[in-house]
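Structure file data05.txt with compact mmCIF, C-alpha atoms:
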```
# COMPACT_ATOMS: atom_id res chain seq x y z
CA MET A 1 -22.28 96.19 -123.32
CA ALA A 2 -24.35 93.02 -122.81
CA ALA A 3 -21.48 90.87 -124.11
CA GLN A 4 -19.05 92.61 -121.74
CA GLY A 5 -21.45 92.03 -118.87
CA PHE A 6 -21.65 88.33 -119.63
CA GLU A 7 -17.88 88.00 -119.87
CA SER A 8 -17.49 89.77 -116.51
CA ARG A 9 -19.94 87.37 -114.89
CA LEU A 10 -18.18 84.46 -116.57
CA GLU A 11 -14.87 85.59 -115.09
CA ARG A 12 -16.39 85.68 -111.61
CA PHE A 13 -17.91 82.26 -112.25
CA VAL A 14 -14.49 80.82 -113.18
CA GLU A 15 -12.59 82.61 -110.42
CA GLY A 16 -14.91 81.20 -107.76
CA ALA A 17 -15.05 77.69 -106.43
CA PHE A 18 -15.07 76.31 -109.97
CA GLY A 19 -11.37 76.88 -110.35
CA ARG A 20 -11.22 73.43 -108.81
CA LEU A 21 -12.81 71.95 -111.92
CA PHE A 22 -9.50 72.40 -113.72
CA LYS A 23 -8.19 69.51 -111.64
CA SER A 24 -10.65 67.21 -113.39
CA GLY A 25 -9.57 68.35 -116.84
CA LEU A 26 -12.74 70.39 -117.39
CA GLN A 27 -12.58 74.05 -118.39
CA PRO A 28 -15.23 75.85 -116.26
CA VAL A 29 -15.49 78.71 -118.77
CA GLU A 30 -16.80 76.26 -121.39
CA PHE A 31 -19.95 75.60 -119.34
CA GLY A 32 -20.81 79.29 -119.48
CA ARG A 33 -19.88 79.79 -123.11
CA LYS A 34 -21.87 76.78 -124.27
CA LEU A 35 -24.85 78.01 -122.26
CA LYS A 36 -24.70 81.48 -123.85
CA ARG A 37 -24.22 80.06 -127.35
CA ALA A 38 -27.21 77.73 -126.95
CA MET A 39 -29.44 80.60 -125.81
CA ASP A 40 -28.33 82.92 -128.62
CA ASP A 41 -28.42 80.28 -131.38
CA HIS A 42 -31.81 78.81 -130.46
CA ARG A 43 -33.78 82.00 -129.77
CA LYS A 44 -37.23 82.24 -131.34
CA ILE A 45 -40.01 84.80 -131.62
CA SER A 46 -43.17 83.71 -129.81
CA VAL A 47 -46.71 84.29 -131.08
CA ALA A 48 -46.90 87.28 -128.72
CA GLY A 49 -43.73 88.75 -130.25
CA ARG A 50 -41.40 87.94 -127.36
CA THR A 51 -37.91 86.59 -127.98
CA ILE A 52 -37.77 83.29 -126.16
CA VAL A 53 -34.81 80.99 -125.53
CA PRO A 54 -34.33 77.46 -124.19
CA ASN A 55 -34.85 77.03 -120.47
CA ARG A 56 -33.79 73.39 -119.95
CA PHE A 57 -30.04 72.73 -120.22
CA GLU A 58 -28.49 69.28 -119.85
CA PHE A 59 -24.70 69.19 -119.81
CA THR A 60 -23.10 65.79 -120.39
CA ILE A 61 -19.53 65.20 -119.27
CA SER A 62 -17.48 62.03 -118.88
CA SER A 63 -18.30 59.75 -115.97
CA THR A 64 -14.76 60.31 -114.73
CA ASP A 65 -15.20 64.09 -114.72
CA LEU A 66 -18.58 63.75 -113.03
CA ASP A 67 -16.97 61.83 -110.18
CA ALA A 68 -14.28 64.50 -109.89
CA VAL A 69 -16.84 67.33 -109.69
CA GLY A 70 -18.72 65.39 -107.02
CA GLU A 71 -20.16 67.51 -104.22
CA MET A 72 -19.88 70.71 -106.29
CA LEU A 73 -22.65 69.66 -108.67
CA GLY A 74 -25.42 71.46 -106.78
CA THR A 75 -23.49 74.72 -106.68
CA LEU A 76 -22.54 74.36 -110.34
CA ASP A 77 -26.20 73.90 -111.31
CA ARG A 78 -27.31 76.96 -109.33
CA ASP A 79 -24.57 79.20 -110.71
CA LEU A 80 -25.35 78.18 -114.29
CA ILE A 81 -29.03 78.96 -113.70
CA ASP A 82 -28.06 82.42 -112.43
CA LEU A 83 -25.82 82.89 -115.48
CA ALA A 84 -28.70 81.99 -117.83
CA ARG A 85 -31.10 84.36 -116.06
CA ALA A 86 -28.62 87.23 -116.13
CA HIS A 87 -27.89 86.76 -119.85
CA ALA A 88 -31.62 86.63 -120.62
CA HIS A 89 -32.12 89.87 -118.70
CA ASP A 90 -29.28 91.60 -120.57
CA GLU A 91 -30.59 90.56 -123.98
CA GLY A 92 -34.32 90.92 -123.30
CA TYR A 93 -34.95 87.19 -123.73
CA GLY A 94 -37.88 85.37 -122.15
CA PHE A 95 -38.38 81.78 -121.01
CA VAL A 96 -41.41 79.53 -121.45
CA GLY A 97 -40.82 77.78 -118.13
CA PRO A 98 -38.47 77.70 -115.13
CA VAL A 99 -34.75 77.61 -115.91
CA GLU A 100 -33.36 74.16 -115.15
CA VAL A 101 -29.81 72.85 -115.38
CA ALA A 102 -28.59 69.28 -115.05
CA VAL A 103 -25.04 67.95 -115.32
CA VAL A 104 -24.88 64.21 -116.05
CA GLY A 105 -22.12 61.74 -116.78
CA SER A 106 -21.63 59.37 -119.70
CA ASP A 107 -19.01 56.80 -120.65
CA ASP A 108 -19.47 57.92 -124.27
CA VAL A 109 -17.98 61.38 -123.61
CA ARG A 110 -14.22 61.77 -123.40
CA PRO A 111 -12.72 63.38 -120.27
CA GLY A 112 -12.41 67.15 -120.59
CA LEU A 113 -15.27 67.48 -123.10
CA ILE A 114 -18.70 69.01 -122.47
CA GLU A 115 -21.84 68.36 -124.52
CA LEU A 116 -25.01 70.41 -124.13
CA ASP A 117 -28.64 69.69 -125.01
CA ALA A 118 -30.82 72.83 -124.77
CA ARG A 119 -34.61 72.63 -124.95
CA PHE A 120 -37.80 74.66 -124.56
CA VAL A 121 -39.89 73.18 -121.73
CA GLU A 122 -43.15 74.98 -120.92
CA GLY A 123 -44.06 75.84 -117.37
CA GLU A 124 -47.22 74.52 -115.74
CA GLY A 125 -50.31 75.90 -117.45
CA ALA A 126 -48.11 77.19 -120.33
CA LEU A 127 -47.50 80.41 -118.38
CA PRO A 128 -43.95 81.72 -118.32
CA PRO A 129 -42.30 81.50 -114.92
CA GLY A 130 -42.23 84.46 -112.62
CA SER A 131 -41.65 85.39 -109.01
CA LEU A 132 -41.49 88.37 -106.69
CA LEU A 133 -38.18 88.73 -104.88
CA LEU A 134 -38.77 90.04 -101.34
CA PRO A 135 -36.34 92.21 -99.33
CA THR A 136 -35.61 89.10 -97.23
CA GLY A 137 -34.36 87.24 -100.31
CA ASP A 138 -37.40 84.95 -100.32
CA ARG A 139 -39.32 84.41 -103.56
CA VAL A 140 -43.08 84.41 -104.04
CA PRO A 141 -43.89 82.28 -107.11
CA LEU A 142 -46.43 83.61 -109.60
CA GLY A 143 -48.86 81.55 -111.61
CA GLU A 144 -52.54 81.22 -112.61
CA TYR A 145 -53.73 83.10 -109.54
CA VAL A 146 -53.83 86.58 -108.06
CA VAL A 147 -51.12 87.64 -105.60
CA SER A 148 -52.36 90.39 -103.25
CA ILE A 149 -49.96 92.84 -101.61
CA GLY A 150 -50.66 95.03 -98.59
CA ARG A 151 -50.74 95.38 -94.82
CA HIS A 152 -53.90 93.30 -94.46
CA GLU A 153 -53.11 90.01 -92.75
CA ASP A 154 -54.98 88.10 -95.45
CA SER A 155 -52.72 89.47 -98.22
CA THR A 156 -50.56 86.96 -100.08
CA VAL A 157 -47.59 89.25 -99.41
CA VAL A 158 -48.01 91.04 -96.08
CA LEU A 159 -45.85 94.17 -95.79
CA ALA A 160 -45.38 95.66 -92.30
CA ASP A 161 -44.82 99.14 -93.72
CA PRO A 162 -47.02 102.03 -92.43
CA ASN A 163 -46.77 103.66 -95.88
CA VAL A 164 -48.39 100.61 -97.50
CA SER A 165 -52.20 100.47 -97.72
CA ARG A 166 -54.09 97.54 -96.27
CA ASN A 167 -55.06 96.44 -99.77
CA HIS A 168 -52.33 98.05 -101.84
CA ALA A 169 -51.85 96.16 -105.11
CA GLU A 170 -52.22 92.88 -106.95
CA VAL A 171 -50.10 90.91 -109.40
CA ARG A 172 -52.19 88.95 -111.89
CA PRO A 173 -51.47 86.69 -114.88
CA ALA A 174 -52.15 88.50 -118.15
CA GLY A 175 -51.53 87.20 -121.66
CA ASP A 176 -48.14 85.54 -121.67
CA GLY A 177 -46.91 87.30 -118.53
CA PHE A 178 -47.98 89.20 -115.42
CA VAL A 179 -49.25 92.68 -114.57
CA VAL A 180 -49.18 94.66 -111.33
CA ILE A 181 -52.32 96.69 -110.59
CA ASP A 182 -52.56 99.41 -107.97
CA LEU A 183 -55.77 99.14 -105.92
CA GLY A 184 -56.17 102.87 -105.27
CA SER A 185 -53.51 102.88 -102.57
CA THR A 186 -52.77 106.07 -100.64
CA ASN A 187 -49.09 106.33 -101.60
CA GLY A 188 -49.30 104.58 -104.94
CA THR A 189 -47.32 101.86 -106.65
CA LYS A 190 -44.08 102.69 -108.43
CA ILE A 191 -42.28 100.64 -111.08
CA ASN A 192 -38.65 101.63 -111.57
CA GLY A 193 -39.40 104.93 -109.85
CA VAL A 194 -42.50 105.80 -111.93
CA ARG A 195 -45.99 105.75 -110.39
CA VAL A 196 -48.35 103.45 -112.27
CA ALA A 197 -51.95 102.30 -112.14
CA GLU A 198 -51.21 99.14 -114.14
CA HIS A 199 -47.97 97.80 -115.57
CA GLN A 200 -46.88 94.74 -117.57
CA LEU A 201 -43.98 93.31 -115.62
CA ARG A 202 -40.59 92.70 -117.23
CA ASP A 203 -37.65 90.84 -115.81
CA GLY A 204 -35.75 92.99 -113.32
CA ASP A 205 -38.55 95.52 -112.72
CA GLU A 206 -38.35 97.20 -109.30
CA LEU A 207 -41.72 97.43 -107.53
CA ARG A 208 -42.05 99.98 -104.72
CA PHE A 209 -44.95 99.88 -102.30
CA GLY A 210 -44.56 102.63 -99.71
CA ASN A 211 -40.95 102.30 -98.54
CA THR A 212 -40.73 98.61 -99.42
CA VAL A 213 -39.02 97.47 -102.63
CA LEU A 214 -39.62 94.13 -104.33
CA SER A 215 -38.38 93.00 -107.72
CA PHE A 216 -39.85 90.86 -110.46
CA ARG A 217 -37.92 87.88 -111.80
CA ALA A 218 -39.10 86.21 -115.00
CA SER A 219 -37.46 82.89 -114.11
```
Just give me the structure as structure tokens.
Amino acid sequence: MAAQGFESRLERFVEGAFGRLFKSGLQPVEFGRKLKRAMDDHRKISVAGRTIVPNRFEFTISSTDLDAVGEMLGTLDRDLIDLARAHAHDEGYGFVGPVEVAVVGSDDVRPGLIELDARFVEGEGALPPGSLLLPTGDRVPLGEYVVSIGRHEDSTVVLADPNVSRNHAEVRPAGDGFVVIDLGSTNGTKINGVRVAEHQLRDGDELRFGNTVLSFRAS
């Protein structure tokens, strides 16, 4: 099922704006396939028992192809990052730092070819990356600090929801990841529909505080 999901996303990736890459001689699908192959082939088991994969991807194409891609580079980078995150979520992979993609040009690469260098690059403080995705689409980055959630104006994440307590919950670094801790709130904290007192966050977890839903992203 995970493989089918990746292929479906890859089809959408190719059918989008990147159909234009064919004009430069590049095959857009090869960016995605090389990315997936690099993640699968270079996965490792961390000391904590997590399966981790590279998070820094540098694609090298010919200088001619780079000129042809031109203004689409930023969009290409962002879509490849999303593709990497989605594949990691499907397979249960983790990253040791933020996912980064760069596409560079070289006179040593023939037009139409794509080379990829995939590496493990630790995040600041050696903590894996993480963020809370708000209903607005904004992200609250997580790190070596406590993120407070509630109606109180001094909370890191202020939720204007009458069903949320003033001091509702906290997200804290723990081990090689993050945990959410309920602070004795009136209506409780739910993760994926289940009320919890404390929970180790995993990529894609849905966090419900009152009637407000956030989600955890591991990259």
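The residue that comes closest to Phe31 of chain A, out of A:Ala102, A:Ile114, A:Ala68, A:Ile45 and on the basis of all atoms listed in the file, is A:Ile114.
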- Would you please work out which residue, of A:Pro28, A:Gly177, A:Gly150, A:Gly105, is nearest to Leu66 of chain A when using only C-alpha atoms?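 The closest residue to Leu66 of chain A is A:Gly105.
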Can you list, as a short mmCIF file (atom, residue, chain, number, x, y, z; two decimals) with C-alpha atoms, in the coordinates of the input, every protein, DNA or RNA residue that comes within 12 Å of Phe120 of chain A when you count all atoms listed in the file, leaving out same-chain residues fewer than 3 positions away?
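Saved to out-v3.cif:
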```
data_model
loop_
_atom_site.label_atom_id
_atom_site.label_comp_id
_atom_site.auth_asym_id
_atom_site.auth_seq_id
_atom_site.Cartn_x
_atom_site.Cartn_y
_atom_site.Cartn_z
CA ALA A 38 -27.21 77.73 -126.95
CA MET A 39 -29.44 80.60 -125.81
CA HIS A 42 -31.81 78.81 -130.46
CA ARG A 43 -33.78 82.00 -129.77
CA LYS A 44 -37.23 82.24 -131.34
CA SER A 46 -43.17 83.71 -129.81
CA ILE A 52 -37.77 83.29 -126.16
CA VAL A 53 -34.81 80.99 -125.53
CA PRO A 54 -34.33 77.46 -124.19
CA ASN A 55 -34.85 77.03 -120.47
CA ARG A 56 -33.79 73.39 -119.95
CA PHE A 57 -30.04 72.73 -120.22
CA GLU A 58 -28.49 69.28 -119.85
CA GLY A 94 -37.88 85.37 -122.15
CA PHE A 95 -38.38 81.78 -121.01
CA VAL A 96 -41.41 79.53 -121.45
CA GLY A 97 -40.82 77.78 -118.13
CA PRO A 98 -38.47 77.70 -115.13
CA VAL A 99 -34.75 77.61 -115.91
CA GLU A 100 -33.36 74.16 -115.15
CA ASP A 117 -28.64 69.69 -125.01
CA GLY A 123 -44.06 75.84 -117.37
CA ALA A 126 -48.11 77.19 -120.33
CA PRO A 128 -43.95 81.72 -118.32
#
```
- Task: Could you give me, as a PyMOL selection string, the residues within 8 Å of Thr60 of chain A, counting all atoms listed in the file and dropping anything in the same chain fewer than 6 positions from it?
- Result: chain A and resi 103-106+109+114-116
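Put simply, atom CA of Ala84 of chain A is 19.9 Å away from atom CA of Glu206 of chain A.
The space between atom CA of Leu35 of chain A and atom CA of His87 of chain A spans 9.6 Å.
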- Leu183 of chain A surroundings by only C-alpha atoms, 9 Å radius, close-in-sequence under 5 positions cut, as a ChimeraX atom specification: /A:167-170,188-189,197
Atoms to include: C-alpha atoms. Write the selected residues as an mmCIF file, in the frame of the given file.
```cif
data_model
loop_
_atom_site.group_PDB
_atom_site.id
_atom_site.type_symbol
_atom_site.label_atom_id
_atom_site.label_comp_id
_atom_site.auth_asym_id
_atom_site.auth_seq_id
_atom_site.Cartn_x
_atom_site.Cartn_y
_atom_site.Cartn_z
ATOM 1 C CA ASN A 167 -55.060 96.440 -99.770
ATOM 2 C CA HIS A 168 -52.330 98.050 -101.840
ATOM 3 C CA ALA A 169 -51.850 96.160 -105.110
ATOM 4 C CA GLU A 170 -52.220 92.880 -106.950
ATOM 5 C CA GLY A 188 -49.300 104.580 -104.940
ATOM 6 C CA THR A 189 -47.320 101.860 -106.650
ATOM 7 C CA ALA A 197 -51.950 102.300 -112.140
#
```
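Using all atoms listed in the file, the smallest distance between any of A:Pro162, A:Gly204, A:Gly112, A:Gly32 and Ser63 of chain A comes from A:Gly112.
Going from atom CA of Leu201 of chain A over to atom CA of Arg217 of chain A, you cover 9.0 Å.
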- Spatial neighbours of Glu30 of chain A, max dist 10 Å, all atoms listed in the file, sep filter under 3 positions, as number ranges by chain: A: 10, 14, 26-27, 33-36, 113-115
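The shortest atom-to-atom distance to Ile149 of chain A, with only C-alpha atoms taken into account, belongs to A:Ile181 out of A:Leu73, A:Ile181, A:Ala174, A:Leu80.
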- Query: For His199 of chain A, which residue among A:Asp77, A:Glu122, A:Asp182, A:Asp161 is the nearest when counting all atoms listed in the file?
  - Reply: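 Nearest candidate to His199 of chain A out of A:Asp77, A:Glu122, A:Asp182, A:Asp161: A:Asp182.
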- Tell me which of A:Val157, A:Gly184, A:Gly130, A:Glu71 sits closest to Arg85 of chain A, counting all atoms listed in the file.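 Of A:Val157, A:Gly184, A:Gly130, A:Glu71, the one nearest Arg85 of chain A is A:Gly130, counting all atoms listed in the file.
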